[in-house]
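Structure file work-v5.txt (compact mmCIF, C-alpha atoms) follows.
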```txt
# COMPACT_ATOMS: atom_id res chain seq x y z
CA MET A 236 -12.81 -21.90 79.18
CA THR A 237 -12.08 -18.37 80.44
CA LYS A 238 -8.55 -17.02 80.63
CA GLU A 239 -8.61 -17.19 84.46
CA ILE A 240 -9.71 -20.83 84.48
CA ARG A 241 -7.18 -21.68 81.78
CA LEU A 242 -4.34 -20.16 83.80
CA ALA A 243 -5.49 -21.88 86.99
CA THR A 244 -5.70 -25.22 85.18
CA GLN A 245 -2.25 -24.79 83.68
CA ALA A 246 -0.82 -23.97 87.11
CA ILE A 247 -2.13 -27.31 88.37
CA LEU A 248 -0.95 -29.29 85.35
CA ASP A 249 2.53 -27.73 85.62
CA HIS A 250 2.93 -29.63 88.91
CA VAL A 251 1.95 -32.98 87.41
CA THR A 252 4.28 -35.62 85.95
CA PRO A 253 4.07 -34.86 82.21
CA THR A 254 2.67 -37.07 79.49
CA PRO A 255 4.91 -37.04 76.38
CA THR A 256 3.06 -34.68 74.05
CA VAL A 257 3.81 -32.26 71.23
CA HIS A 258 1.76 -29.08 70.90
CA ASN A 259 0.69 -29.22 67.25
CA GLY A 260 -1.73 -26.28 67.31
CA LEU A 261 -4.62 -28.30 65.88
CA SER A 262 -8.22 -27.73 66.93
CA ASP A 263 -10.36 -30.70 67.99
CA GLN A 264 -12.19 -30.61 64.65
CA GLN A 265 -8.93 -30.59 62.72
CA LYS A 266 -7.76 -33.60 64.72
CA VAL A 267 -11.02 -35.43 63.98
CA ASP A 268 -10.69 -34.74 60.25
CA ILE A 269 -7.05 -35.88 60.07
CA ILE A 270 -7.55 -39.00 62.22
CA ALA A 271 -10.65 -39.99 60.21
CA GLY A 272 -8.59 -39.82 57.01
CA HIS A 273 -5.85 -42.01 58.46
CA PHE A 274 -8.32 -44.54 59.83
CA LYS A 275 -9.97 -44.76 56.43
CA GLU A 276 -6.57 -45.79 55.08
CA ILE A 277 -6.02 -48.31 57.87
CA LEU A 278 -9.41 -49.96 57.44
CA THR A 279 -9.03 -50.06 53.68
CA THR A 280 -5.56 -51.59 54.07
CA LEU A 281 -7.05 -54.28 56.29
CA GLY A 282 -9.37 -55.15 53.41
CA LEU A 283 -12.61 -53.78 54.83
CA ASP A 284 -15.25 -52.47 52.45
CA LEU A 285 -15.98 -48.88 53.49
CA GLU A 286 -18.90 -48.74 51.08
CA ASN A 287 -20.72 -51.14 53.44
CA ASP A 288 -23.45 -49.36 55.45
CA SER A 289 -22.05 -50.67 58.72
CA LEU A 290 -18.49 -49.51 58.03
CA LYS A 291 -18.64 -46.34 55.95
CA GLU A 292 -18.91 -44.00 58.96
CA SER A 293 -16.42 -45.94 61.10
CA PRO A 294 -13.37 -43.72 60.39
CA THR A 295 -15.26 -40.63 61.58
CA ARG A 296 -16.78 -42.48 64.55
CA ILE A 297 -13.33 -43.63 65.65
CA ALA A 298 -11.84 -40.17 65.21
CA ARG A 299 -14.58 -38.50 67.27
CA MET A 300 -14.28 -41.16 69.94
CA TYR A 301 -10.51 -40.61 70.19
CA VAL A 302 -10.67 -36.82 70.39
CA HIS A 303 -13.85 -36.28 72.42
CA GLU A 304 -13.91 -39.35 74.67
CA VAL A 305 -11.05 -41.84 74.92
CA PHE A 306 -8.23 -39.26 74.77
CA LYS A 307 -10.03 -36.12 75.93
CA GLY A 308 -7.60 -35.87 78.86
CA LEU A 309 -4.94 -34.64 76.40
CA ASN A 310 -6.87 -31.37 76.16
CA PRO A 311 -6.40 -29.15 79.24
CA GLU A 312 -9.80 -27.59 78.57
CA HIS A 313 -11.38 -30.84 79.76
CA PHE A 314 -9.70 -30.64 83.17
CA PRO A 315 -12.52 -30.66 85.76
CA LYS A 316 -13.39 -27.52 87.66
CA ILE A 317 -11.85 -28.10 91.08
CA THR A 318 -13.40 -26.42 94.09
CA VAL A 319 -11.61 -26.73 97.42
CA ILE A 320 -12.93 -25.39 100.70
CA GLU A 321 -11.25 -24.39 103.90
CA ASN A 322 -10.99 -27.16 106.45
CA ASP A 323 -12.90 -25.19 109.08
CA MET A 324 -13.88 -28.31 110.99
CA LYS A 325 -10.17 -29.10 111.43
CA TYR A 326 -10.73 -32.66 110.20
CA ASP A 327 -7.40 -34.49 110.45
CA GLN A 328 -8.30 -38.11 109.74
CA MET A 329 -7.94 -40.15 106.57
CA ILE A 330 -10.48 -39.59 103.78
CA VAL A 331 -10.66 -42.57 101.42
CA VAL A 332 -12.51 -42.98 98.13
CA ARG A 333 -12.62 -46.62 96.99
CA ASP A 334 -13.46 -48.33 93.72
CA VAL A 335 -12.80 -45.27 91.56
CA THR A 336 -13.19 -46.33 87.93
CA VAL A 337 -9.98 -46.24 85.91
CA LEU A 338 -10.56 -46.68 82.18
CA SER A 339 -7.49 -45.82 80.19
CA THR A 340 -5.49 -46.85 77.13
CA CYS A 341 -2.08 -48.50 77.05
CA GLU A 342 0.25 -46.25 75.07
CA HIS A 343 2.26 -49.22 73.79
CA HIS A 344 -0.51 -51.05 71.93
CA PHE A 345 -3.48 -48.65 72.26
CA VAL A 346 -5.76 -51.15 73.95
CA THR A 347 -7.73 -50.82 77.16
CA ILE A 348 -6.52 -50.55 80.75
CA ASP A 349 -9.46 -51.32 83.02
CA GLY A 350 -9.24 -51.07 86.78
CA LYS A 351 -10.12 -49.50 90.10
CA ALA A 352 -8.32 -46.96 92.23
CA THR A 353 -8.32 -46.30 95.94
CA ILE A 354 -7.42 -42.68 96.65
CA ALA A 355 -6.91 -41.08 100.05
CA TYR A 356 -5.63 -37.95 101.74
CA ILE A 357 -5.33 -36.48 105.21
CA PRO A 358 -6.54 -32.87 105.12
CA ASN A 359 -4.37 -29.97 106.12
CA LYS A 360 -6.00 -26.61 105.45
CA LYS A 361 -8.23 -27.69 102.57
CA VAL A 362 -10.73 -30.38 101.65
CA ILE A 363 -12.19 -31.27 98.27
CA GLY A 364 -15.59 -32.46 97.07
CA LEU A 365 -15.53 -36.24 96.84
CA SER A 366 -16.69 -36.37 93.21
CA LYS A 367 -13.72 -34.21 92.22
CA ILE A 368 -11.38 -37.05 93.15
CA ASN A 369 -13.19 -39.32 90.67
CA ARG A 370 -13.07 -36.60 88.03
CA ILE A 371 -9.34 -36.04 88.48
CA ALA A 372 -8.70 -39.78 88.10
CA ASP A 373 -10.88 -39.88 84.99
CA PHE A 374 -9.15 -36.86 83.41
CA PHE A 375 -5.69 -38.37 83.66
CA SER A 376 -7.01 -41.79 82.60
CA ARG A 377 -8.36 -40.36 79.35
CA ARG A 378 -5.05 -40.32 77.50
CA PRO A 379 -2.50 -42.87 76.31
CA GLN A 380 -0.93 -44.08 79.55
CA VAL A 381 1.31 -46.38 81.48
CA GLN A 382 -0.13 -47.27 84.87
CA GLU A 383 2.88 -45.98 86.80
CA ARG A 384 2.55 -42.50 85.29
CA LEU A 385 -1.21 -42.43 85.80
CA THR A 386 -0.76 -43.25 89.49
CA LYS A 387 1.76 -40.43 89.91
CA GLN A 388 -0.31 -37.89 87.99
CA ILE A 389 -3.33 -38.39 90.25
CA ALA A 390 -1.13 -38.11 93.35
CA ASP A 391 0.73 -35.06 91.98
CA CYS A 392 -2.52 -33.27 91.25
CA LEU A 393 -4.07 -33.90 94.67
CA THR A 394 -0.83 -32.98 96.48
CA HIS A 395 -0.78 -29.62 94.70
CA VAL A 396 -4.50 -28.83 94.87
CA LEU A 397 -4.90 -29.81 98.54
CA GLU A 398 -1.54 -28.38 99.62
CA THR A 399 -0.68 -31.51 101.60
CA GLU A 400 1.90 -34.22 101.14
CA ASN A 401 -0.37 -36.74 102.88
CA VAL A 402 -1.79 -38.33 99.73
CA ALA A 403 -2.04 -41.97 98.65
CA VAL A 404 -3.10 -43.56 95.34
CA HIS A 405 -3.42 -47.30 94.69
CA ILE A 406 -4.50 -48.70 91.29
CA ASN A 407 -5.30 -52.30 90.45
CA ALA A 408 -5.97 -52.82 86.76
CA ARG A 409 -6.20 -55.32 83.94
CA HIS A 410 -4.22 -54.58 80.81
CA TYR A 411 -5.75 -55.81 77.58
CA CYS A 412 -2.32 -55.80 75.92
CA VAL A 413 -1.70 -58.75 78.25
CA ILE A 414 -5.19 -60.25 77.88
CA SER A 415 -5.81 -59.98 74.13
CA ARG A 416 -2.30 -60.42 72.72
CA GLY A 417 1.13 -61.74 73.62
CA VAL A 418 0.87 -64.02 76.66
CA GLN A 419 -2.97 -63.77 76.60
CA ASP A 420 -3.34 -64.05 80.37
CA SER A 421 -6.87 -63.04 81.34
CA HIS A 422 -6.39 -63.37 85.11
CA SER A 423 -3.38 -61.28 86.09
CA THR A 424 -3.71 -57.70 87.30
CA THR A 425 -1.15 -54.94 87.86
CA ILE A 426 -0.92 -52.96 91.10
CA THR A 427 0.78 -49.58 91.46
CA SER A 428 0.89 -47.28 94.47
CA ASP A 429 2.11 -43.80 95.26
CA LEU A 430 2.25 -43.24 99.02
CA ARG A 431 3.33 -39.84 100.29
CA GLY A 432 3.81 -38.09 103.60
CA ASP A 433 2.34 -39.96 106.55
CA PHE A 434 1.10 -42.71 104.23
CA LYS A 435 4.74 -43.52 103.50
CA ARG A 436 6.37 -42.61 106.83
CA LEU A 437 3.95 -44.04 109.41
CA VAL A 438 3.43 -47.80 109.51
CA GLU A 439 -0.05 -47.49 111.06
CA THR A 440 -1.27 -45.00 108.45
CA ARG A 441 0.19 -47.04 105.60
CA SER A 442 -1.41 -50.24 106.93
CA GLU A 443 -4.81 -48.58 107.39
CA PHE A 444 -4.78 -47.25 103.83
CA LEU A 445 -3.68 -50.55 102.30
CA SER A 446 -6.44 -52.34 104.23
CA HIS A 447 -8.94 -50.18 102.29
CA CYS A 448 -7.38 -51.36 99.02
CA THR A 449 -8.72 -54.90 99.44
CA THR A 450 -11.81 -55.16 97.27
CA LYS A 451 -13.79 -57.59 95.14
CA THR A 452 -13.78 -55.42 92.05
CA LEU A 453 -12.74 -56.75 88.63
CA GLY A 454 -14.29 -60.08 89.60
CA LEU A 455 -11.29 -60.99 91.78
CA GLU A 456 -10.30 -60.58 95.40
CA LEU A 457 -7.72 -57.83 95.02
```
I need this file expressed as structure tokens, please.
Amino acid sequence: MTKEIRLATQAILDHVTPTPTVHNGLSDQQKVDIIAGHFKEILTTLGLDLENDSLKESPTRIARMYVHEVFKGLNPEHFPKITVIENDMKYDQMIVVRDVTVLSTCEHHFVTIDGKATIAYIPNKKVIGLSKINRIADFFSRRPQVQERLTKQIADCLTHVLETENVAVHINARHYCVISRGVQDSHSTTITSDLRGDFKRLVETRSEFLSHCTTKTLGLEL
């Protein structure tokens, strides 16, 4: 990542609701090495035989997965390159992207959050490539999260990048901390929304957006 891109990325992230983090100065490889060592201890403590062919590489596999995949959104260098263009066509209607995959991790128990997002905005002076909306959602999903913060981070980012307050984010997700432990309810889902500008002020705009949030994803009528 060049210095210019790094500064531009940081300028965007400075406008986003922060995730609680501590800058420890470690490189990705250092993180992998340290996490692998700790996971070796955890698996050994659980009584697993790390001399077994199936298990001996598991600490390193887990560490690489955490740093390079599941939690890659903690590294600003993985923020997607965002290209916006001038709204020369003066488009002033709602743009909606439905069924955006949200695959995140609950920061309380470190198990999966699996859901779909509906994301919309009404352009002002700028528009954005549609795939960039998916990439923004994925970036902020790839870190330990609570759904409320994730919803706000996506909305914060789009509000800043597009220079418009007319942004809406709706997430419907299953939390495996509810499914696999505790109450063990495999049917409930959690809905969060962040409606801004006209999406919040105008009843017609709000109703139109929410009508797009009805979907058959996750195997349920949501």
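With distances restricted to all atoms listed in the file, A:Thr399 is the closest residue to Asp327 (chain A) from A:Thr399, A:Ala352, A:Ile371, A:Ser423.
CA of Thr427 (chain A) sits 11.9 Å away from CA of Ile354 (chain A).
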Nearest to Phe314 (chain A), restricted to only C-alpha atoms and choosing among A:Gln328, A:Thr353, A:Ser376, A:Thr336, comes out as A:Ser376
Just the residues within 7 Å of Ala390 (chain A), please, counting all atoms listed in the file, with nothing from its chain fewer than 5 positions along; format it as a short mmCIF file (atom, residue, chain, number, x, y, z; two decimals) with C-alpha atoms, in the coordinates of the input.
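Below you can see around-v5.cif, which holds the result:
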```cif
data_model
loop_
_atom_site.label_atom_id
_atom_site.label_comp_id
_atom_site.auth_asym_id
_atom_site.auth_seq_id
_atom_site.Cartn_x
_atom_site.Cartn_y
_atom_site.Cartn_z
CA VAL A 402 -1.79 -38.33 99.73
CA ALA A 403 -2.04 -41.97 98.65
CA VAL A 404 -3.10 -43.56 95.34
CA ASP A 429 2.11 -43.80 95.26
#
```
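The interatomic distance for the pair CA of Glu383 (chain A) and CA of Ile270 (chain A) works out to 27.6 Å.
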Of the listed residues A:Val319, A:Ala298, A:Met236, A:Val381, that which approaches Ile269 (chain A) most closely, counting only C-alpha atoms
A:Ala298
Would you mind listing what lies within 9 Å of region 437-445 of chain A as number ranges by chain, with all atoms listed in the file counted and same-chain residues fewer than 4 positions away left out?
A: 329, 331, 353-355, 403, 405, 430, 432-433, 449
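With distances taken over all atoms listed in the file, A:Glu292 is the one residue among A:Glu304, A:Glu321, A:Glu292, A:Asp249 lying closest to Ala271 (chain A).
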Extract, using all atoms listed in the file, all DNA, RNA and protein residues at most 9 Å from Asn359 (chain A), discarding same-chain residues fewer than 6 positions from it, and format them as a ChimeraX atom specification.
/A:322,325-327,397-399,401
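Coordinates place CA of Val337 (chain A) at a distance of 6.9 Å from CA of Ala372 (chain A).
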Counting only C-alpha atoms, the option among A:Ile348, A:Leu393, A:Leu278, A:Leu338 closest to Asp373 (chain A):
A:Leu338
I need the residue nearest Gln382 (chain A) from this list: A:Ile240, A:Val346, A:Val413, A:Cys341. Use only C-alpha atoms for the distance.
A:Cys341
Using all atoms listed in the file and a cutoff of 12 Å, can you tell me which residues are near (-8.2, -40.3, 60.0) in the file's coordinates, and write them out as a ChimeraX atom specification?
/A:264-279,292-302
Would you mind listing what lies within 10 Å of Lys316 (chain A) as a PyMOL selection string, with all atoms listed in the file counted and same-chain residues fewer than 4 positions away left out?
chain A and resi 240+243-244+312+367+370-371
Could the residues in this selection be saved with C-alpha atoms as a PDB file, in the coordinates of the input?
```
ATOM      1  CA  ILE A 240      -9.710 -20.830  84.480  1.00  0.00           C
ATOM      2  CA  ALA A 243      -5.490 -21.880  86.990  1.00  0.00           C
ATOM      3  CA  THR A 244      -5.700 -25.220  85.180  1.00  0.00           C
ATOM      4  CA  GLU A 312      -9.800 -27.590  78.570  1.00  0.00           C
ATOM      5  CA  LYS A 367     -13.720 -34.210  92.220  1.00  0.00           C
ATOM      6  CA  ARG A 370     -13.070 -36.600  88.030  1.00  0.00           C
ATOM      7  CA  ILE A 371      -9.340 -36.040  88.480  1.00  0.00           C
TER       8      ILE A 371
END
```
For region 398-404 of chain A, I'd like the enclosing box, axis-aligned and padded by 4 Å on every side, reported as JSON with centre and edge lengths in Å to one decimal.
```
{"center_x": -0.6, "center_y": -36.0, "center_z": 99.1, "size_x": 13.0, "size_y": 23.2, "size_z": 15.5}
```
Please identify all polymer residues within 9 Å of Asp349 (chain A), counting all atoms listed in the file, omitting same-chain residues fewer than 5 positions from it, and present them as a PDB file with C-alpha atoms, in the frame of the given file.
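What ended up in part19.pdb:
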```pdb
ATOM      1  CA  THR A 336     -13.190 -46.330  87.930  1.00  0.00           C
ATOM      2  CA  VAL A 337      -9.980 -46.240  85.910  1.00  0.00           C
ATOM      3  CA  LEU A 338     -10.560 -46.680  82.180  1.00  0.00           C
ATOM      4  CA  SER A 339      -7.490 -45.820  80.190  1.00  0.00           C
ATOM      5  CA  THR A 340      -5.490 -46.850  77.130  1.00  0.00           C
ATOM      6  CA  ASN A 407      -5.300 -52.300  90.450  1.00  0.00           C
ATOM      7  CA  ALA A 408      -5.970 -52.820  86.760  1.00  0.00           C
ATOM      8  CA  ARG A 409      -6.200 -55.320  83.940  1.00  0.00           C
ATOM      9  CA  HIS A 410      -4.220 -54.580  80.810  1.00  0.00           C
ATOM     10  CA  TYR A 411      -5.750 -55.810  77.580  1.00  0.00           C
ATOM     11  CA  LEU A 453     -12.740 -56.750  88.630  1.00  0.00           C
TER      12      LEU A 453
END
```
Reconstruct region 294-319 of chain A at the level of N, CA and C atoms, and format the result as a CSV table (one decimal), keeping the file's coordinate frame.
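As written to disk, result-v8.csv reads:
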```
chain,number,residue,atom,x,y,z
A,294,PRO,N,-14.5,-44.6,60.2
A,294,PRO,CA,-13.4,-43.7,60.4
A,294,PRO,C,-13.7,-42.5,61.2
A,295,THR,N,-14.9,-41.8,60.9
A,295,THR,CA,-15.3,-40.6,61.6
A,295,THR,C,-15.7,-41.0,63.0
A,296,ARG,N,-16.4,-42.1,63.2
A,296,ARG,CA,-16.8,-42.5,64.6
A,296,ARG,C,-15.6,-42.7,65.4
A,297,ILE,N,-14.5,-43.4,64.9
A,297,ILE,CA,-13.3,-43.6,65.6
A,297,ILE,C,-12.6,-42.3,66.0
A,298,ALA,N,-12.5,-41.4,65.0
A,298,ALA,CA,-11.8,-40.2,65.2
A,298,ALA,C,-12.5,-39.3,66.3
A,299,ARG,N,-13.8,-39.3,66.2
A,299,ARG,CA,-14.6,-38.5,67.3
A,299,ARG,C,-14.4,-39.1,68.6
A,300,MET,N,-14.5,-40.5,68.7
A,300,MET,CA,-14.3,-41.2,69.9
A,300,MET,C,-12.9,-40.9,70.5
A,301,TYR,N,-11.9,-40.9,69.7
A,301,TYR,CA,-10.5,-40.6,70.2
A,301,TYR,C,-10.4,-39.2,70.8
A,302,VAL,N,-10.9,-38.2,70.0
A,302,VAL,CA,-10.7,-36.8,70.4
A,302,VAL,C,-11.6,-36.4,71.5
A,303,HIS,N,-12.9,-36.8,71.5
A,303,HIS,CA,-13.8,-36.3,72.4
A,303,HIS,C,-14.1,-37.2,73.6
A,304,GLU,N,-13.6,-38.4,73.6
A,304,GLU,CA,-13.9,-39.4,74.7
A,304,GLU,C,-12.6,-40.0,75.2
A,305,VAL,N,-12.1,-41.0,74.4
A,305,VAL,CA,-11.0,-41.8,74.9
A,305,VAL,C,-9.8,-41.0,75.3
A,306,PHE,N,-9.5,-40.0,74.5
A,306,PHE,CA,-8.2,-39.3,74.8
A,306,PHE,C,-8.5,-37.8,75.1
A,307,LYS,N,-9.7,-37.5,75.6
A,307,LYS,CA,-10.0,-36.1,75.9
A,307,LYS,C,-9.1,-35.5,77.0
A,308,GLY,N,-8.5,-36.4,77.8
A,308,GLY,CA,-7.6,-35.9,78.9
A,308,GLY,C,-6.3,-35.2,78.3
A,309,LEU,N,-6.1,-35.3,77.0
A,309,LEU,CA,-4.9,-34.6,76.4
A,309,LEU,C,-5.2,-33.1,76.2
A,310,ASN,N,-6.5,-32.8,76.3
A,310,ASN,CA,-6.9,-31.4,76.2
A,310,ASN,C,-7.1,-30.7,77.5
A,311,PRO,N,-6.2,-29.8,77.9
A,311,PRO,CA,-6.4,-29.2,79.2
A,311,PRO,C,-7.8,-28.5,79.5
A,312,GLU,N,-8.5,-28.2,78.4
A,312,GLU,CA,-9.8,-27.6,78.6
A,312,GLU,C,-10.8,-28.6,79.2
A,313,HIS,N,-10.5,-29.8,79.2
A,313,HIS,CA,-11.4,-30.8,79.8
A,313,HIS,C,-11.0,-31.1,81.2
A,314,PHE,N,-10.0,-30.4,81.8
A,314,PHE,CA,-9.7,-30.6,83.2
A,314,PHE,C,-10.9,-30.2,84.0
A,315,PRO,N,-11.3,-31.0,85.0
A,315,PRO,CA,-12.5,-30.7,85.8
A,315,PRO,C,-12.3,-29.4,86.6
A,316,LYS,N,-13.4,-28.7,86.8
A,316,LYS,CA,-13.4,-27.5,87.7
A,316,LYS,C,-13.2,-28.0,89.1
A,317,ILE,N,-12.2,-27.6,89.7
A,317,ILE,CA,-11.8,-28.1,91.1
A,317,ILE,C,-12.2,-27.0,92.1
A,318,THR,N,-13.1,-27.3,93.0
A,318,THR,CA,-13.4,-26.4,94.1
A,318,THR,C,-12.9,-27.0,95.4
A,319,VAL,N,-12.0,-26.3,96.1
A,319,VAL,CA,-11.6,-26.7,97.4
A,319,VAL,C,-12.2,-25.8,98.4
```
